[in-house]
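Participant: Data: input-v4.pdb, PDB, N, CA and C atoms and all ligand atoms.
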ATOM      1  N   MET A 336       6.233 155.261  54.039
ATOM      2  CA  MET A 336       6.601 154.804  55.385
ATOM      3  C   MET A 336       8.075 154.385  55.426
ATOM      4  N   ILE A 337       8.774 154.810  56.465
ATOM      5  CA  ILE A 337      10.197 154.482  56.609
ATOM      6  C   ILE A 337      10.346 153.446  57.718
ATOM      7  N   ARG A 338      11.240 152.537  57.512
ATOM      8  CA  ARG A 338      11.514 151.535  58.539
ATOM      9  C   ARG A 338      12.954 151.646  59.014
ATOM     10  N   CYS A 339      13.128 151.451  60.318
ATOM     11  CA  CYS A 339      14.466 151.497  60.902
ATOM     12  C   CYS A 339      15.276 150.314  60.370
ATOM     13  N   GLN A 340      16.527 150.587  60.028
ATOM     14  CA  GLN A 340      17.370 149.521  59.484
ATOM     15  C   GLN A 340      17.920 148.614  60.572
ATOM     16  N   SER A 341      17.925 149.113  61.811
ATOM     17  CA  SER A 341      18.513 148.326  62.892
ATOM     18  C   SER A 341      17.471 147.420  63.554
ATOM     19  N   CYS A 342      16.300 147.986  63.880
ATOM     20  CA  CYS A 342      15.320 147.209  64.627
ATOM     21  C   CYS A 342      14.030 147.019  63.839
ATOM     22  N   ASP A 343      13.949 147.550  62.625
ATOM     23  CA  ASP A 343      12.782 147.402  61.755
ATOM     24  C   ASP A 343      11.560 148.107  62.333
ATOM     25  N   GLY A 344      11.773 149.061  63.200
ATOM     26  CA  GLY A 344      10.669 149.831  63.752
ATOM     27  C   GLY A 344      10.156 150.833  62.736
ATOM     28  N   ILE A 345       8.887 151.177  62.846
ATOM     29  CA  ILE A 345       8.281 152.110  61.891
ATOM     30  C   ILE A 345       8.584 153.541  62.325
ATOM     31  N   LEU A 346       9.036 154.348  61.363
ATOM     32  CA  LEU A 346       9.356 155.743  61.645
ATOM     33  C   LEU A 346       8.461 156.640  60.808
ATOM     34  N   THR A 347       8.101 157.787  61.376
ATOM     35  CA  THR A 347       7.401 158.783  60.587
ATOM     36  C   THR A 347       8.434 159.639  59.866
ATOM     37  N   LYS A 348       7.986 160.385  58.856
ATOM     38  CA  LYS A 348       8.919 161.187  58.057
ATOM     39  C   LYS A 348       9.580 162.278  58.884
ATOM     40  N   ASN A 349       8.899 162.705  59.948
ATOM     41  CA  ASN A 349       9.429 163.795  60.761
ATOM     42  C   ASN A 349      10.474 163.308  61.760
ATOM     43  N   GLU A 350      10.488 162.020  62.017
ATOM     44  CA  GLU A 350      11.409 161.483  63.008
ATOM     45  C   GLU A 350      12.804 161.343  62.408
ATOM     46  N   LYS A 351      13.769 161.907  63.108
ATOM     47  CA  LYS A 351      15.145 161.827  62.630
ATOM     48  C   LYS A 351      15.871 160.639  63.248
ATOM     49  N   THR A 352      15.374 160.201  64.404
ATOM     50  CA  THR A 352      15.983 159.040  65.040
ATOM     51  C   THR A 352      14.899 158.042  65.409
ATOM     52  N   CYS A 353      15.274 156.792  65.477
ATOM     53  CA  CYS A 353      14.329 155.732  65.829
ATOM     54  C   CYS A 353      13.960 155.851  67.306
ATOM     55  N   TYR A 354      12.661 155.727  67.592
ATOM     56  CA  TYR A 354      12.224 155.843  68.981
ATOM     57  C   TYR A 354      12.513 154.572  69.764
ATOM     58  N   ARG A 355      12.786 153.476  69.077
ATOM     59  CA  ARG A 355      13.035 152.206  69.760
ATOM     60  C   ARG A 355      14.515 152.014  70.083
ATOM     61  N   CYS A 356      15.393 152.246  69.098
ATOM     62  CA  CYS A 356      16.813 151.962  69.328
ATOM     63  C   CYS A 356      17.677 153.217  69.259
ATOM     64  N   GLY A 357      17.089 154.356  68.822
ATOM     65  CA  GLY A 357      17.841 155.604  68.807
ATOM     66  C   GLY A 357      18.740 155.765  67.601
ATOM     67  N   ASP A 358      18.683 154.837  66.665
ATOM     68  CA  ASP A 358      19.486 154.946  65.452
ATOM     69  C   ASP A 358      18.923 156.032  64.546
ATOM     70  N   PRO A 359      19.763 156.676  63.736
ATOM     71  CA  PRO A 359      19.256 157.686  62.810
ATOM     72  C   PRO A 359      18.350 157.058  61.760
ATOM     73  N   ALA A 360      17.330 157.813  61.355
ATOM     74  CA  ALA A 360      16.408 157.331  60.331
ATOM     75  C   ALA A 360      17.166 157.114  59.022
ATOM     76  N   PRO A 361      16.788 156.104  58.236
ATOM     77  CA  PRO A 361      17.506 155.797  56.990
ATOM     78  C   PRO A 361      17.673 157.005  56.088
ATOM     79  N   GLU A 362      16.650 157.862  56.035
ATOM     80  CA  GLU A 362      16.713 159.028  55.170
ATOM     81  C   GLU A 362      17.855 159.958  55.564
ATOM     82  N   HIS A 363      18.065 160.074  56.883
ATOM     83  CA  HIS A 363      19.098 160.978  57.361
ATOM     84  C   HIS A 363      20.461 160.299  57.389
ATOM     85  N   ALA A 364      20.473 158.996  57.459
ATOM     86  CA  ALA A 364      21.738 158.268  57.536
ATOM     87  C   ALA A 364      22.299 157.984  56.152
ATOM     88  N   LYS A 365      21.486 158.166  55.118
ATOM     89  CA  LYS A 365      21.864 157.797  53.759
ATOM     90  C   LYS A 365      23.180 158.410  53.281
ATOM     91  N   PRO A 366      23.386 159.736  53.408
ATOM     92  CA  PRO A 366      24.617 160.318  52.881
ATOM     93  C   PRO A 366      25.863 159.670  53.462
ATOM     94  N   VAL A 367      25.829 159.363  54.759
ATOM     95  CA  VAL A 367      26.990 158.745  55.410
ATOM     96  C   VAL A 367      27.163 157.324  54.902
ATOM     97  N   GLN A 368      26.043 156.608  54.734
ATOM     98  CA  GLN A 368      26.122 155.218  54.286
ATOM     99  C   GLN A 368      26.626 155.138  52.845
ATOM    100  N   ASN A 369      26.319 156.149  52.049
ATOM    101  CA  ASN A 369      26.798 156.143  50.664
ATOM    102  C   ASN A 369      28.251 156.585  50.590
ATOM    103  N   LEU A 370      28.654 157.401  51.548
ATOM    104  CA  LEU A 370      29.994 157.967  51.522
ATOM    105  C   LEU A 370      31.037 156.921  51.914
ATOM    106  N   ILE A 371      30.711 156.077  52.893
ATOM    107  CA  ILE A 371      31.693 155.112  53.403
ATOM    108  C   ILE A 371      32.093 154.091  52.329
ATOM    109  N   PRO A 372      31.153 153.434  51.629
ATOM    110  CA  PRO A 372      31.575 152.509  50.562
ATOM    111  C   PRO A 372      32.320 153.228  49.453
ATOM    112  N   LEU A 373      31.944 154.476  49.207
ATOM    113  CA  LEU A 373      32.622 155.261  48.177
ATOM    114  C   LEU A 373      34.079 155.476  48.565
ATOM    115  N   LEU A 374      34.310 155.822  49.838
ATOM    116  CA  LEU A 374      35.670 156.033  50.320
ATOM    117  C   LEU A 374      36.444 154.724  50.304
ATOM    118  N   LEU A 375      35.773 153.635  50.693
ATOM    119  CA  LEU A 375      36.424 152.326  50.727
ATOM    120  C   LEU A 375      36.847 151.901  49.329
ATOM    121  N   SER A 376      35.946 152.075  48.357
ATOM    122  CA  SER A 376      36.263 151.678  46.985
ATOM    123  C   SER A 376      37.351 152.588  46.420
ATOM    124  N   ALA A 377      37.315 153.875  46.788
ATOM    125  CA  ALA A 377      38.342 154.799  46.325
ATOM    126  C   ALA A 377      39.699 154.395  46.898
ATOM    127  N   GLY A 378      39.725 154.035  48.184
ATOM    128  CA  GLY A 378      40.963 153.583  48.806
ATOM    129  C   GLY A 378      41.468 152.301  48.178
ATOM    130  N   LEU A 379      40.538 151.414  47.842
ATOM    131  CA  LEU A 379      40.892 150.140  47.207
ATOM    132  C   LEU A 379      41.510 150.391  45.838
ATOM    133  N   MET A 380      40.906 151.321  45.085
ATOM    134  CA  MET A 380      41.406 151.642  43.750
ATOM    135  C   MET A 380      42.816 152.221  43.843
ATOM    136  N   VAL A 381      43.037 153.097  44.846
ATOM    137  CA  VAL A 381      44.349 153.725  45.024
ATOM    138  C   VAL A 381      45.387 152.670  45.372
ATOM    139  N   SER A 382      45.038 151.757  46.301
ATOM    140  CA  SER A 382      45.999 150.728  46.703
ATOM    141  C   SER A 382      46.275 149.774  45.544
ATOM    142  N   LEU A 383      45.252 149.460  44.755
ATOM    143  CA  LEU A 383      45.434 148.601  43.584
ATOM    144  C   LEU A 383      46.330 149.293  42.563
ATOM    145  N   GLY A 384      46.132 150.593  42.404
ATOM    146  CA  GLY A 384      46.941 151.365  41.478
ATOM    147  C   GLY A 384      48.393 151.375  41.908
ATOM    148  N   PHE A 385      48.621 151.533  43.212
ATOM    149  CA  PHE A 385      49.988 151.534  43.722
ATOM    150  C   PHE A 385      50.629 150.161  43.560
ATOM    151  N   THR A 386      49.853 149.112  43.822
ATOM    152  CA  THR A 386      50.364 147.748  43.655
ATOM    153  C   THR A 386      50.777 147.515  42.209
ATOM    154  N   ALA A 387      49.903 147.932  41.277
ATOM    155  CA  ALA A 387      50.212 147.770  39.852
ATOM    156  C   ALA A 387      51.448 148.595  39.482
ATOM    157  N   TYR A 388      51.545 149.784  40.064
ATOM    158  CA  TYR A 388      52.675 150.677  39.773
ATOM    159  C   TYR A 388      53.990 150.054  40.239
ATOM    160  N   TRP A 389      53.993 149.526  41.476
ATOM    161  CA  TRP A 389      55.212 148.939  42.020
ATOM    162  C   TRP A 389      55.549 147.644  41.286
ATOM    163  N   PHE A 390      54.506 146.910  40.878
ATOM    164  CA  PHE A 390      54.727 145.679  40.118
ATOM    165  C   PHE A 390      55.374 146.018  38.782
ATOM    166  N   TRP A 391      54.876 147.081  38.156
ATOM    167  CA  TRP A 391      55.405 147.528  36.868
ATOM    168  C   TRP A 391      56.851 147.994  37.037
ATOM    169  N   LEU A 392      57.117 148.695  38.158
ATOM    170  CA  LEU A 392      58.476 149.160  38.425
ATOM    171  C   LEU A 392      59.424 147.984  38.588
ATOM    172  N   GLY A 393      58.944 146.938  39.298
ATOM    173  CA  GLY A 393      59.766 145.772  39.536
ATOM    174  C   GLY A 393      59.981 144.943  38.274
ATOM    175  N   ALA A 394      59.004 145.021  37.360
ATOM    176  CA  ALA A 394      59.074 144.192  36.153
ATOM    177  C   ALA A 394      60.013 144.805  35.123
ATOM    178  N   THR A 395      60.125 146.147  35.156
ATOM    179  CA  THR A 395      60.989 146.801  34.158
ATOM    180  C   THR A 395      62.445 146.784  34.636
ATOM    181  N   PRO A 396      63.379 146.495  33.767
ATOM    182  CA  PRO A 396      64.783 146.437  34.142
ATOM    183  C   PRO A 396      65.417 147.809  34.391
TER     184      PRO A 396
HETATM  185 ZN    ZN B   1      15.408 151.265  65.464
END
Would you mind giving the structure from this file in structure tokens?
Facilitator:
Amino acid sequence: MIRCQSCDGILTKNEKTCYRCGDPAPEHAKPVQNLIPLLLSAGLMVSLGFTAYWFWLGATP
């Protein structure tokens, strides 16, 4: 049994969207939900890398 993440309504496996609030079913929304934190962490790593790089540049004479 799948439950809606927004309104906690019960969804059947065949339902792609919640009948109560219209949100996508967790099963179908999963790839997007996993992708966003991945992109955020990747962006964070890049910005941290650049900060370390510029700090290193500033530290070296
Ligand atoms: Zn819902």
Participant: Please list as a PyMOL selection string every residue within 7 Å of Thr347 of chain A, counting only N, CA and C atoms and excluding residues in the same chain fewer than 4 positions away.
Facilitator: chain A and resi 336-337+351
Participant: Could you dump the residues just selected with N, CA and C atoms as a PDB file, keeping the file's coordinate frame?
Facilitator:
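Result file again.pdb:
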ATOM      1  N   MET A 336       6.233 155.261  54.039  1.00  0.00           N
ATOM      2  CA  MET A 336       6.601 154.804  55.385  1.00  0.00           C
ATOM      3  C   MET A 336       8.075 154.385  55.426  1.00  0.00           C
ATOM      4  N   ILE A 337       8.774 154.810  56.465  1.00  0.00           N
ATOM      5  CA  ILE A 337      10.197 154.482  56.609  1.00  0.00           C
ATOM      6  C   ILE A 337      10.346 153.446  57.718  1.00  0.00           C
ATOM      7  N   LYS A 351      13.769 161.907  63.108  1.00  0.00           N
ATOM      8  CA  LYS A 351      15.145 161.827  62.630  1.00  0.00           C
ATOM      9  C   LYS A 351      15.871 160.639  63.248  1.00  0.00           C
TER      10      LYS A 351
END
Participant: Once the PyMOL selection byres (((not hetatm)) within 6 of (chain B and resi 1)) is applied to the coordinates I shared, what remains selected? I want it as a list in words.
Facilitator: Cys339, Gln340, Ser341, Cys342, Asp343, Gly344, Cys353, Tyr354, Arg355, Cys356, Gly357 and Asp358 of chain A
Participant: Run DSSP on the backbone and grab whatever in chain A lands in strand (DSSP E); send it over as a list of chain:residue names.
Facilitator: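 For chain A, the strand (DSSP E) set is A:Ile337, A:Arg338, A:Ile345, A:Leu346.
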Participant: Please return, as an mmCIF file with N, CA and C atoms, keeping the file's coordinate frame, all residues of chain A that DSSP assigns to helix (DSSP H, G or I) on the basis of the backbone.
Facilitator:
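For reference, selection_32.cif as written:
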data_model
loop_
_atom_site.group_PDB
_atom_site.id
_atom_site.type_symbol
_atom_site.label_atom_id
_atom_site.label_comp_id
_atom_site.auth_asym_id
_atom_site.auth_seq_id
_atom_site.Cartn_x
_atom_site.Cartn_y
_atom_site.Cartn_z
ATOM 1 N N PRO A 361 16.788 156.104 58.236
ATOM 2 C CA PRO A 361 17.506 155.797 56.990
ATOM 3 C C PRO A 361 17.673 157.005 56.088
ATOM 4 N N GLU A 362 16.650 157.862 56.035
ATOM 5 C CA GLU A 362 16.713 159.028 55.170
ATOM 6 C C GLU A 362 17.855 159.958 55.564
ATOM 7 N N HIS A 363 18.065 160.074 56.883
ATOM 8 C CA HIS A 363 19.098 160.978 57.361
ATOM 9 C C HIS A 363 20.461 160.299 57.389
ATOM 10 N N ALA A 364 20.473 158.996 57.459
ATOM 11 C CA ALA A 364 21.738 158.268 57.536
ATOM 12 C C ALA A 364 22.299 157.984 56.152
ATOM 13 N N LYS A 365 21.486 158.166 55.118
ATOM 14 C CA LYS A 365 21.864 157.797 53.759
ATOM 15 C C LYS A 365 23.180 158.410 53.281
ATOM 16 N N PRO A 366 23.386 159.736 53.408
ATOM 17 C CA PRO A 366 24.617 160.318 52.881
ATOM 18 C C PRO A 366 25.863 159.670 53.462
ATOM 19 N N VAL A 367 25.829 159.363 54.759
ATOM 20 C CA VAL A 367 26.990 158.745 55.410
ATOM 21 C C VAL A 367 27.163 157.324 54.902
ATOM 22 N N GLN A 368 26.043 156.608 54.734
ATOM 23 C CA GLN A 368 26.122 155.218 54.286
ATOM 24 C C GLN A 368 26.626 155.138 52.845
ATOM 25 N N ASN A 369 26.319 156.149 52.049
ATOM 26 C CA ASN A 369 26.798 156.143 50.664
ATOM 27 C C ASN A 369 28.251 156.585 50.590
ATOM 28 N N LEU A 370 28.654 157.401 51.548
ATOM 29 C CA LEU A 370 29.994 157.967 51.522
ATOM 30 C C LEU A 370 31.037 156.921 51.914
ATOM 31 N N ILE A 371 30.711 156.077 52.893
ATOM 32 C CA ILE A 371 31.693 155.112 53.403
ATOM 33 C C ILE A 371 32.093 154.091 52.329
ATOM 34 N N PRO A 372 31.153 153.434 51.629
ATOM 35 C CA PRO A 372 31.575 152.509 50.562
ATOM 36 C C PRO A 372 32.320 153.228 49.453
ATOM 37 N N LEU A 373 31.944 154.476 49.207
ATOM 38 C CA LEU A 373 32.622 155.261 48.177
ATOM 39 C C LEU A 373 34.079 155.476 48.565
ATOM 40 N N LEU A 374 34.310 155.822 49.838
ATOM 41 C CA LEU A 374 35.670 156.033 50.320
ATOM 42 C C LEU A 374 36.444 154.724 50.304
ATOM 43 N N LEU A 375 35.773 153.635 50.693
ATOM 44 C CA LEU A 375 36.424 152.326 50.727
ATOM 45 C C LEU A 375 36.847 151.901 49.329
ATOM 46 N N SER A 376 35.946 152.075 48.357
ATOM 47 C CA SER A 376 36.263 151.678 46.985
ATOM 48 C C SER A 376 37.351 152.588 46.420
ATOM 49 N N ALA A 377 37.315 153.875 46.788
ATOM 50 C CA ALA A 377 38.342 154.799 46.325
ATOM 51 C C ALA A 377 39.699 154.395 46.898
ATOM 52 N N GLY A 378 39.725 154.035 48.184
ATOM 53 C CA GLY A 378 40.963 153.583 48.806
ATOM 54 C C GLY A 378 41.468 152.301 48.178
ATOM 55 N N LEU A 379 40.538 151.414 47.842
ATOM 56 C CA LEU A 379 40.892 150.140 47.207
ATOM 57 C C LEU A 379 41.510 150.391 45.838
ATOM 58 N N MET A 380 40.906 151.321 45.085
ATOM 59 C CA MET A 380 41.406 151.642 43.750
ATOM 60 C C MET A 380 42.816 152.221 43.843
ATOM 61 N N VAL A 381 43.037 153.097 44.846
ATOM 62 C CA VAL A 381 44.349 153.725 45.024
ATOM 63 C C VAL A 381 45.387 152.670 45.372
ATOM 64 N N SER A 382 45.038 151.757 46.301
ATOM 65 C CA SER A 382 45.999 150.728 46.703
ATOM 66 C C SER A 382 46.275 149.774 45.544
ATOM 67 N N LEU A 383 45.252 149.460 44.755
ATOM 68 C CA LEU A 383 45.434 148.601 43.584
ATOM 69 C C LEU A 383 46.330 149.293 42.563
ATOM 70 N N GLY A 384 46.132 150.593 42.404
ATOM 71 C CA GLY A 384 46.941 151.365 41.478
ATOM 72 C C GLY A 384 48.393 151.375 41.908
ATOM 73 N N PHE A 385 48.621 151.533 43.212
ATOM 74 C CA PHE A 385 49.988 151.534 43.722
ATOM 75 C C PHE A 385 50.629 150.161 43.560
ATOM 76 N N THR A 386 49.853 149.112 43.822
ATOM 77 C CA THR A 386 50.364 147.748 43.655
ATOM 78 C C THR A 386 50.777 147.515 42.209
ATOM 79 N N ALA A 387 49.903 147.932 41.277
ATOM 80 C CA ALA A 387 50.212 147.770 39.852
ATOM 81 C C ALA A 387 51.448 148.595 39.482
ATOM 82 N N TYR A 388 51.545 149.784 40.064
ATOM 83 C CA TYR A 388 52.675 150.677 39.773
ATOM 84 C C TYR A 388 53.990 150.054 40.239
ATOM 85 N N TRP A 389 53.993 149.526 41.476
ATOM 86 C CA TRP A 389 55.212 148.939 42.020
ATOM 87 C C TRP A 389 55.549 147.644 41.286
ATOM 88 N N PHE A 390 54.506 146.910 40.878
ATOM 89 C CA PHE A 390 54.727 145.679 40.118
ATOM 90 C C PHE A 390 55.374 146.018 38.782
ATOM 91 N N TRP A 391 54.876 147.081 38.156
ATOM 92 C CA TRP A 391 55.405 147.528 36.868
ATOM 93 C C TRP A 391 56.851 147.994 37.037
ATOM 94 N N LEU A 392 57.117 148.695 38.158
ATOM 95 C CA LEU A 392 58.476 149.160 38.425
ATOM 96 C C LEU A 392 59.424 147.984 38.588
ATOM 97 N N GLY A 393 58.944 146.938 39.298
ATOM 98 C CA GLY A 393 59.766 145.772 39.536
ATOM 99 C C GLY A 393 59.981 144.943 38.274
ATOM 100 N N ALA A 394 59.004 145.021 37.360
ATOM 101 C CA ALA A 394 59.074 144.192 36.153
ATOM 102 C C ALA A 394 60.013 144.805 35.123
#
Participant: What is the distance between atom CA of Ser376 of chain A and atom CA of Arg338 of chain A, in Å to one decimal?
Facilitator: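 Answer for the atom CA of Ser376 of chain A to atom CA of Arg338 of chain A separation: 27.3 Å.
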Participant: To one decimal place in Å, what is the distance between atom N of Trp391 of chain A and atom C of Ala377 of chain A?
Facilitator: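 If I compute the distance from atom N of Trp391 of chain A to atom C of Ala377 of chain A, I get 19.0 Å.
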Participant: When you draw a straight line from atom C of Pro359 of chain A to atom N of Ile371 of chain A, how long is it in Å?
Facilitator: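 Atom N of Ile371 of chain A lies at a distance of 15.2 Å from atom C of Pro359 of chain A.
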Participant: Kindly provide, as JSON, the centre and edge lengths (Å, one decimal) of an axis-aligned box around all atoms of segment 370-389 of chain A given in the file, with 8 Å on each side.
Facilitator:
{"center_x": 42.1, "center_y": 152.7, "center_z": 46.4, "size_x": 42.9, "size_y": 26.5, "size_z": 29.9}
